[in-house]
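Asker: The structure file entry-v9.txt (compact mmCIF, C-alpha atoms) is provided below.
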```txt
# COMPACT_ATOMS: atom_id res chain seq x y z
CA GLN A 1 0.31 2.24 -17.64
CA LYS A 2 -1.23 4.01 -14.67
CA GLU A 3 1.41 6.01 -12.82
CA VAL A 4 1.63 7.96 -9.60
CA GLU A 5 4.58 10.27 -9.16
CA GLN A 6 6.03 11.62 -5.94
CA ASN A 7 9.27 13.37 -5.08
CA SER A 8 11.24 10.81 -3.08
CA GLY A 9 12.79 13.43 -0.80
CA PRO A 10 13.99 13.54 1.84
CA LEU A 11 11.91 16.57 2.69
CA SER A 12 13.27 18.21 5.83
CA VAL A 13 11.20 20.72 7.79
CA PRO A 14 11.73 22.24 11.24
CA GLU A 15 9.40 21.31 14.07
CA GLY A 16 6.27 23.44 14.02
CA ALA A 17 6.47 24.24 10.30
CA ILE A 18 4.08 23.18 7.55
CA ALA A 19 5.14 20.15 5.52
CA SER A 20 3.81 20.03 1.96
CA LEU A 21 3.80 16.72 0.10
CA ASN A 22 2.82 16.50 -3.56
CA CYS A 23 1.64 13.79 -5.92
CA THR A 24 0.59 13.65 -9.56
CA TYR A 25 -1.22 10.82 -11.33
CA SER A 26 -1.60 9.83 -14.94
CA ASP A 27 -5.07 8.22 -15.11
CA ARG A 28 -7.55 11.06 -15.60
CA GLY A 29 -10.44 8.75 -14.73
CA SER A 30 -9.17 8.05 -11.22
CA GLN A 31 -11.87 8.41 -8.61
CA SER A 32 -10.38 8.24 -5.14
CA PHE A 33 -7.12 9.27 -3.58
CA PHE A 34 -5.38 8.31 -0.39
CA TRP A 35 -2.41 9.26 1.72
CA TYR A 36 -0.75 6.53 3.75
CA ARG A 37 1.98 7.05 6.34
CA GLN A 38 4.61 4.34 6.64
CA TYR A 39 7.15 4.24 9.44
CA SER A 40 10.32 2.29 8.77
CA GLY A 41 9.66 -1.43 9.00
CA LYS A 42 5.93 -0.92 9.50
CA SER A 43 2.87 -1.24 7.31
CA PRO A 44 1.18 1.66 5.50
CA GLU A 45 -1.36 3.41 7.72
CA LEU A 46 -4.25 5.30 6.14
CA ILE A 47 -4.28 8.92 7.25
CA MET A 48 -6.40 10.72 4.63
CA SER A 49 -8.80 9.95 1.82
CA ILE A 50 -10.24 12.44 -0.65
CA TYR A 51 -12.76 11.94 -3.41
CA SER A 52 -13.77 15.35 -4.77
CA ASN A 53 -11.98 18.52 -5.79
CA GLY A 54 -11.00 20.90 -3.04
CA ASP A 55 -9.66 20.60 0.47
CA LYS A 56 -10.37 18.10 3.20
CA GLU A 57 -9.13 18.78 6.71
CA ASP A 58 -8.62 16.31 9.56
CA GLY A 59 -6.77 17.68 12.57
CA ARG A 60 -3.31 18.81 11.50
CA PHE A 61 -3.70 17.17 8.08
CA THR A 62 -5.23 18.74 4.96
CA ALA A 63 -5.57 16.87 1.67
CA GLN A 64 -6.04 18.88 -1.51
CA LEU A 65 -7.30 17.48 -4.81
CA ASN A 66 -7.30 19.09 -8.24
CA LYS A 67 -8.60 16.61 -10.80
CA ALA A 68 -8.12 19.00 -13.74
CA SER A 69 -4.41 19.18 -12.96
CA GLN A 70 -4.28 15.53 -11.83
CA TYR A 71 -2.66 16.65 -8.64
CA VAL A 72 -3.15 15.74 -4.99
CA SER A 73 -1.28 17.10 -2.01
CA LEU A 74 -1.01 16.64 1.73
CA LEU A 75 -0.27 19.46 4.14
CA ILE A 76 0.84 18.74 7.68
CA ARG A 77 0.56 21.73 9.99
CA ASP A 78 2.60 22.15 13.17
CA SER A 79 4.90 19.31 12.10
CA GLN A 80 6.21 17.11 14.90
CA PRO A 81 9.24 14.80 14.98
CA SER A 82 6.77 11.91 15.24
CA ASP A 83 5.52 12.84 11.77
CA SER A 84 8.88 11.72 10.36
CA ALA A 85 7.99 8.85 8.04
CA THR A 86 7.47 7.98 4.40
CA TYR A 87 4.20 9.29 2.97
CA LEU A 88 2.68 7.21 0.19
CA CYS A 89 0.22 8.66 -2.28
CA ALA A 90 -2.22 6.05 -3.58
CA VAL A 91 -4.79 6.34 -6.34
CA ASN A 92 -7.81 4.14 -7.00
CA PRO A 93 -8.50 4.10 -10.74
CA GLY A 94 -12.15 3.27 -10.12
CA GLY A 95 -14.45 0.87 -8.30
CA ASN A 96 -13.12 -1.89 -6.11
CA THR A 97 -9.73 -2.09 -7.76
CA PRO A 98 -6.14 -2.25 -6.61
CA LEU A 99 -4.44 0.92 -5.50
CA VAL A 100 -1.63 2.39 -7.57
CA PHE A 101 1.04 3.76 -5.26
CA GLY A 102 3.76 6.33 -5.69
CA LYS A 103 7.23 5.53 -4.43
CA GLY A 104 6.67 7.69 -1.37
CA THR A 105 8.18 10.88 -0.01
CA ARG A 106 10.40 10.61 3.03
CA LEU A 107 9.66 13.39 5.52
CA SER A 108 12.06 14.35 8.26
CA VAL A 109 10.89 16.80 10.96
CA ILE A 110 13.85 18.31 12.74
CA ALA A 111 13.43 19.19 16.43
CA GLY B 112 -11.28 -4.97 16.78
CA ALA B 113 -8.41 -6.86 15.26
CA GLY B 114 -6.71 -5.50 12.19
CA VAL B 115 -5.26 -7.41 9.28
CA SER B 116 -2.96 -10.12 10.58
CA GLN B 117 -0.10 -11.57 8.57
CA SER B 118 2.22 -14.43 9.37
CA PRO B 119 5.03 -15.07 9.59
CA ARG B 120 6.44 -11.58 10.16
CA TYR B 121 9.82 -12.69 8.87
CA LYS B 122 10.72 -15.59 6.63
CA VAL B 123 14.17 -16.65 5.50
CA ALA B 124 14.38 -19.32 2.83
CA LYS B 125 17.03 -20.80 0.61
CA ARG B 126 16.79 -20.24 -3.09
CA GLY B 127 14.64 -22.94 -4.64
CA GLN B 128 12.48 -23.55 -1.58
CA ASP B 129 8.73 -23.02 -1.54
CA VAL B 130 7.19 -20.54 0.90
CA ALA B 131 3.64 -19.81 2.06
CA LEU B 132 2.53 -16.49 3.48
CA ARG B 133 -0.72 -16.11 5.37
CA CYS B 134 -3.15 -13.20 5.62
CA ASP B 135 -6.10 -13.02 8.00
CA PRO B 136 -8.22 -10.01 6.97
CA ILE B 137 -10.45 -7.83 9.10
CA SER B 138 -13.64 -9.74 9.84
CA GLY B 139 -16.34 -9.02 7.30
CA HIS B 140 -14.03 -7.49 4.72
CA VAL B 141 -15.02 -8.76 1.32
CA SER B 142 -12.01 -7.53 -0.58
CA LEU B 143 -8.47 -8.77 -0.06
CA PHE B 144 -5.37 -7.54 -1.87
CA TRP B 145 -1.75 -8.70 -1.94
CA TYR B 146 1.04 -6.23 -2.67
CA GLN B 147 4.81 -6.57 -2.94
CA GLN B 148 7.01 -3.78 -1.60
CA ALA B 149 10.68 -3.61 -2.49
CA LEU B 150 13.05 -1.50 -0.39
CA GLY B 151 12.54 2.21 -1.05
CA GLN B 152 9.55 1.63 -3.31
CA GLY B 153 5.81 1.88 -2.95
CA PRO B 154 3.69 -1.26 -2.75
CA GLU B 155 2.97 -2.92 -6.09
CA PHE B 156 -0.19 -4.88 -6.75
CA LEU B 157 -0.02 -8.65 -7.03
CA THR B 158 -3.55 -10.05 -6.85
CA TYR B 159 -7.08 -9.30 -5.63
CA PHE B 160 -9.92 -11.40 -4.21
CA GLN B 161 -13.55 -10.56 -3.72
CA ASN B 162 -14.76 -13.17 -1.27
CA GLU B 163 -13.30 -16.44 -2.57
CA ALA B 164 -13.09 -15.32 -6.18
CA GLN B 165 -9.72 -14.22 -7.50
CA LEU B 166 -10.80 -11.36 -9.74
CA ASP B 167 -7.40 -10.05 -10.78
CA LYS B 168 -4.02 -11.73 -10.74
CA SER B 169 -2.39 -9.55 -13.34
CA GLY B 170 0.32 -8.37 -10.94
CA LEU B 171 1.73 -11.80 -10.14
CA PRO B 172 5.28 -11.67 -11.54
CA SER B 173 5.48 -15.29 -12.69
CA ASP B 174 3.68 -18.63 -12.58
CA ARG B 175 5.74 -19.44 -9.48
CA PHE B 176 3.35 -17.17 -7.56
CA PHE B 177 -0.02 -18.54 -6.55
CA ALA B 178 -2.69 -17.18 -4.21
CA GLU B 179 -5.89 -18.59 -2.83
CA ARG B 180 -8.73 -17.65 -0.51
CA PRO B 181 -10.84 -20.81 -0.49
CA GLU B 182 -13.44 -19.80 2.09
CA GLY B 183 -13.48 -16.09 1.43
CA SER B 184 -11.58 -15.22 4.59
CA VAL B 185 -7.95 -16.25 5.17
CA SER B 186 -5.71 -16.02 2.13
CA THR B 187 -2.40 -17.68 1.38
CA LEU B 188 0.23 -16.44 -1.05
CA LYS B 189 2.54 -19.24 -2.16
CA ILE B 190 5.82 -18.79 -3.96
CA GLN B 191 7.38 -21.87 -5.51
CA ARG B 192 11.07 -22.36 -6.30
CA THR B 193 11.97 -19.01 -4.73
CA GLN B 194 14.53 -16.75 -6.35
CA GLN B 195 16.61 -13.95 -4.84
CA GLU B 196 14.53 -11.35 -6.63
CA ASP B 197 11.51 -12.53 -4.64
CA SER B 198 13.04 -10.93 -1.53
CA ALA B 199 10.66 -8.15 -0.49
CA VAL B 200 7.95 -7.27 1.99
CA TYR B 201 4.63 -8.86 1.11
CA LEU B 202 1.67 -6.79 2.27
CA CYS B 203 -1.92 -7.86 2.57
CA ALA B 204 -4.78 -5.36 2.67
CA SER B 205 -8.49 -5.81 3.17
CA SER B 206 -11.53 -3.61 2.78
CA LEU B 207 -15.27 -3.48 2.54
CA LEU B 208 -16.47 -3.02 -1.04
CA ASN B 209 -15.37 0.33 -2.46
CA GLN B 210 -13.92 1.43 0.87
CA PRO B 211 -10.32 2.32 1.83
CA GLN B 212 -7.89 -0.54 2.22
CA HIS B 213 -6.27 -1.37 5.55
CA PHE B 214 -2.90 -3.07 5.62
CA GLY B 215 -1.34 -5.75 7.75
CA ASP B 216 2.21 -5.49 9.07
CA GLY B 217 3.54 -7.55 6.19
CA THR B 218 5.87 -10.51 5.84
CA ARG B 219 9.51 -9.68 5.20
CA LEU B 220 10.82 -12.43 2.92
CA SER B 221 14.55 -12.93 2.47
CA ILE B 222 15.83 -15.46 -0.05
CA LEU B 223 19.42 -16.56 0.47
```
Just give me the structure as C-alpha cells.

Answerer:
Amino acid sequence: QKEVEQNSGPLSVPEGAIASLNCTYSDRGSQSFFWYRQYSGKSPELIMSIYSNGDKEDGRFTAQLNKASQYVSLLIRDSQPSDSATYLCAVNPGGNTPLVFGKGTRLSVIA
Amino acid sequence: GAGVSQSPRYKVAKRGQDVALRCDPISGHVSLFWYQQALGQGPEFLTYFQNEAQLDKSGLPSDRFFAERPEGSVSTLKIQRTQQEDSAVYLCASSLLNQPQHFGDGTRLSIL
C-alpha cells in the first residue's frame, strides 16, 4: 500500500513568516513529487513539482526533496493571508500513473 | 487556453438513482484520471485512461461505478444505484504523457 503522510494541521503562521509544510512517502521507488494548493471548495492547483534531490525554488515557494529519507517539503516565504489554503502533497510512483495524495495540511496565515 | 472542464458542478440525487458526471480534458492531453475526494481528505484514485483505453480501474469502489472515454477526449463517470457513501467531490485531471496533472473544478455529488 503506497502511502503519503502529512500533518493535517492547522498550521498557523503570522503574515510575513516562513511556512514549512512536510510530507513523507512510503514507496522508495517514487519518481516525481508535487505540491498542490486547494482553496476551500476549489480544485487542486499545481504549485510545485520536483524530481531530483535538493531544492527547487519558484518565487516565494521552495520545494525540498530527500529521497534517502523519503521526505519532501514545501517552504513558503513571506507568507500572505492569500496563502491560507490546504496544501496537498502528491507522489507519482513512476511513469504515467495515478498520483497518491496525502490528506493535506491546512495552512492559516494570520494578518 | 481552456482548462479541464467538469459538469455539472453540483449534483443532488436520491439514493438509488443513476448519475453521470462529465469531464472535458485540456485539448491534446492523452492521459485522463478520475479521483474521489471526501471532505477533509486528499483525492483518491478511481480510474485512468490513456487516449480511449482504460488502463487502470483498480480504484473504482464497486461495480456500480463505470467510466468511459470512447473517442479519447471527453470522459464520463457513471454511478449506478447511488448510495449515500457515494457523496463526495469527483475530480477529473488530465495531462500529457508523464507530465504533471491538471485538475478540473470537480463535481460535488450529494446523495439524499

Asker: Please measure the separation of CA of Leu11 (chain A) and CA of Gln152 (chain B), giving the value in Å to one decimal.

Answerer: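 A separation of 16.3 Å between them.
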
Asker: Do you have the CA of Pro154 (chain B)-CA of Ser138 (chain B) distance handy?

Answerer: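 Straight-line distance from CA of Pro154 (chain B) to CA of Ser138 (chain B) works out to 23.0 Å.
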
Asker: Need to verify the contact set: region 159-170 of chain B, 10 Å, only C-alpha atoms, exclusion of same-chain residues closer than 2 positions in sequence. Can you return it as a PDB file with C-alpha atoms, keeping the file's coordinate frame?

Answerer:
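New file selection.pdb:
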```pdb
ATOM      1  CA  ASN A  96     -13.120  -1.890  -6.110  1.00  0.00           C
ATOM      2  CA  THR A  97      -9.730  -2.090  -7.760  1.00  0.00           C
ATOM      3  CA  PRO A  98      -6.140  -2.250  -6.610  1.00  0.00           C
TER       4      PRO A  98
ATOM      5  CA  GLY B 139     -16.340  -9.020   7.300  1.00  0.00           C
ATOM      6  CA  HIS B 140     -14.030  -7.490   4.720  1.00  0.00           C
ATOM      7  CA  VAL B 141     -15.020  -8.760   1.320  1.00  0.00           C
ATOM      8  CA  SER B 142     -12.010  -7.530  -0.580  1.00  0.00           C
ATOM      9  CA  LEU B 143      -8.470  -8.770  -0.060  1.00  0.00           C
ATOM     10  CA  PHE B 144      -5.370  -7.540  -1.870  1.00  0.00           C
ATOM     11  CA  TRP B 145      -1.750  -8.700  -1.940  1.00  0.00           C
ATOM     12  CA  TYR B 146       1.040  -6.230  -2.670  1.00  0.00           C
ATOM     13  CA  GLN B 147       4.810  -6.570  -2.940  1.00  0.00           C
ATOM     14  CA  GLU B 155       2.970  -2.920  -6.090  1.00  0.00           C
ATOM     15  CA  PHE B 156      -0.190  -4.880  -6.750  1.00  0.00           C
ATOM     16  CA  LEU B 157      -0.020  -8.650  -7.030  1.00  0.00           C
ATOM     17  CA  PRO B 172       5.280 -11.670 -11.540  1.00  0.00           C
ATOM     18  CA  SER B 173       5.480 -15.290 -12.690  1.00  0.00           C
ATOM     19  CA  PHE B 176       3.350 -17.170  -7.560  1.00  0.00           C
ATOM     20  CA  PHE B 177      -0.020 -18.540  -6.550  1.00  0.00           C
ATOM     21  CA  ALA B 178      -2.690 -17.180  -4.210  1.00  0.00           C
ATOM     22  CA  GLU B 179      -5.890 -18.590  -2.830  1.00  0.00           C
ATOM     23  CA  ARG B 180      -8.730 -17.650  -0.510  1.00  0.00           C
ATOM     24  CA  PRO B 181     -10.840 -20.810  -0.490  1.00  0.00           C
ATOM     25  CA  GLU B 182     -13.440 -19.800   2.090  1.00  0.00           C
ATOM     26  CA  GLY B 183     -13.480 -16.090   1.430  1.00  0.00           C
ATOM     27  CA  SER B 184     -11.580 -15.220   4.590  1.00  0.00           C
ATOM     28  CA  VAL B 185      -7.950 -16.250   5.170  1.00  0.00           C
ATOM     29  CA  SER B 186      -5.710 -16.020   2.130  1.00  0.00           C
ATOM     30  CA  CYS B 203      -1.920  -7.860   2.570  1.00  0.00           C
ATOM     31  CA  ALA B 204      -4.780  -5.360   2.670  1.00  0.00           C
ATOM     32  CA  SER B 205      -8.490  -5.810   3.170  1.00  0.00           C
ATOM     33  CA  SER B 206     -11.530  -3.610   2.780  1.00  0.00           C
ATOM     34  CA  LEU B 207     -15.270  -3.480   2.540  1.00  0.00           C
ATOM     35  CA  LEU B 208     -16.470  -3.020  -1.040  1.00  0.00           C
TER      36      LEU B 208
END
```

Asker: Looking at B:Ala199, B:Val130, B:Val123, B:Lys189, which one is nearest to Ile222 (chain B), with distances taken over all atoms listed in the file?

Answerer: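 Result for the nearest residue to Ile222 (chain B): B:Val123.
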
Asker: CA of Thr105 (chain A) and CA of Thr86 (chain A), how far apart in Å?

Answerer: 5.3 Å

Asker: My list of candidates is B:Lys122, B:Cys134, B:Gly151, B:Gly127. Which is closest to Gly215 (chain B) when distances are computed with all atoms listed in the file?

Answerer: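 Using all atoms listed in the file, Gly215 (chain B) sits closest to B:Cys134.
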
Asker: Counting all atoms listed in the file, which residues from chain A have an atom at most 9 Å from any atom of chain B, and could you show them as a PyMOL selection string?

Answerer: chain A and resi 8+34+41-46+49+88-89+94-104

Asker: Find, counting all atoms listed in the file, the residue in A:Val4, A:Val13, A:Leu74, A:Leu107 that gets nearest to Pro93 (chain A).

Answerer: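 Ranking A:Val4, A:Val13, A:Leu74, A:Leu107 by distance to Pro93 (chain A), first place goes to A:Val4.
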
Asker: Between B:Leu223, B:Leu171, B:Ile137, B:Val115, which residue has the minimum interatomic distance to Ile190 (chain B), considering all atoms listed in the file?

Answerer: B:Leu171

Asker: When distances are computed from all atoms listed in the file, which of A:Ser12, A:Ser52, A:Gln31, A:Gln1 shows the smallest separation from Pro81 (chain A)?

Answerer: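 Of all the options, A:Ser12 lies closest to Pro81 (chain A).
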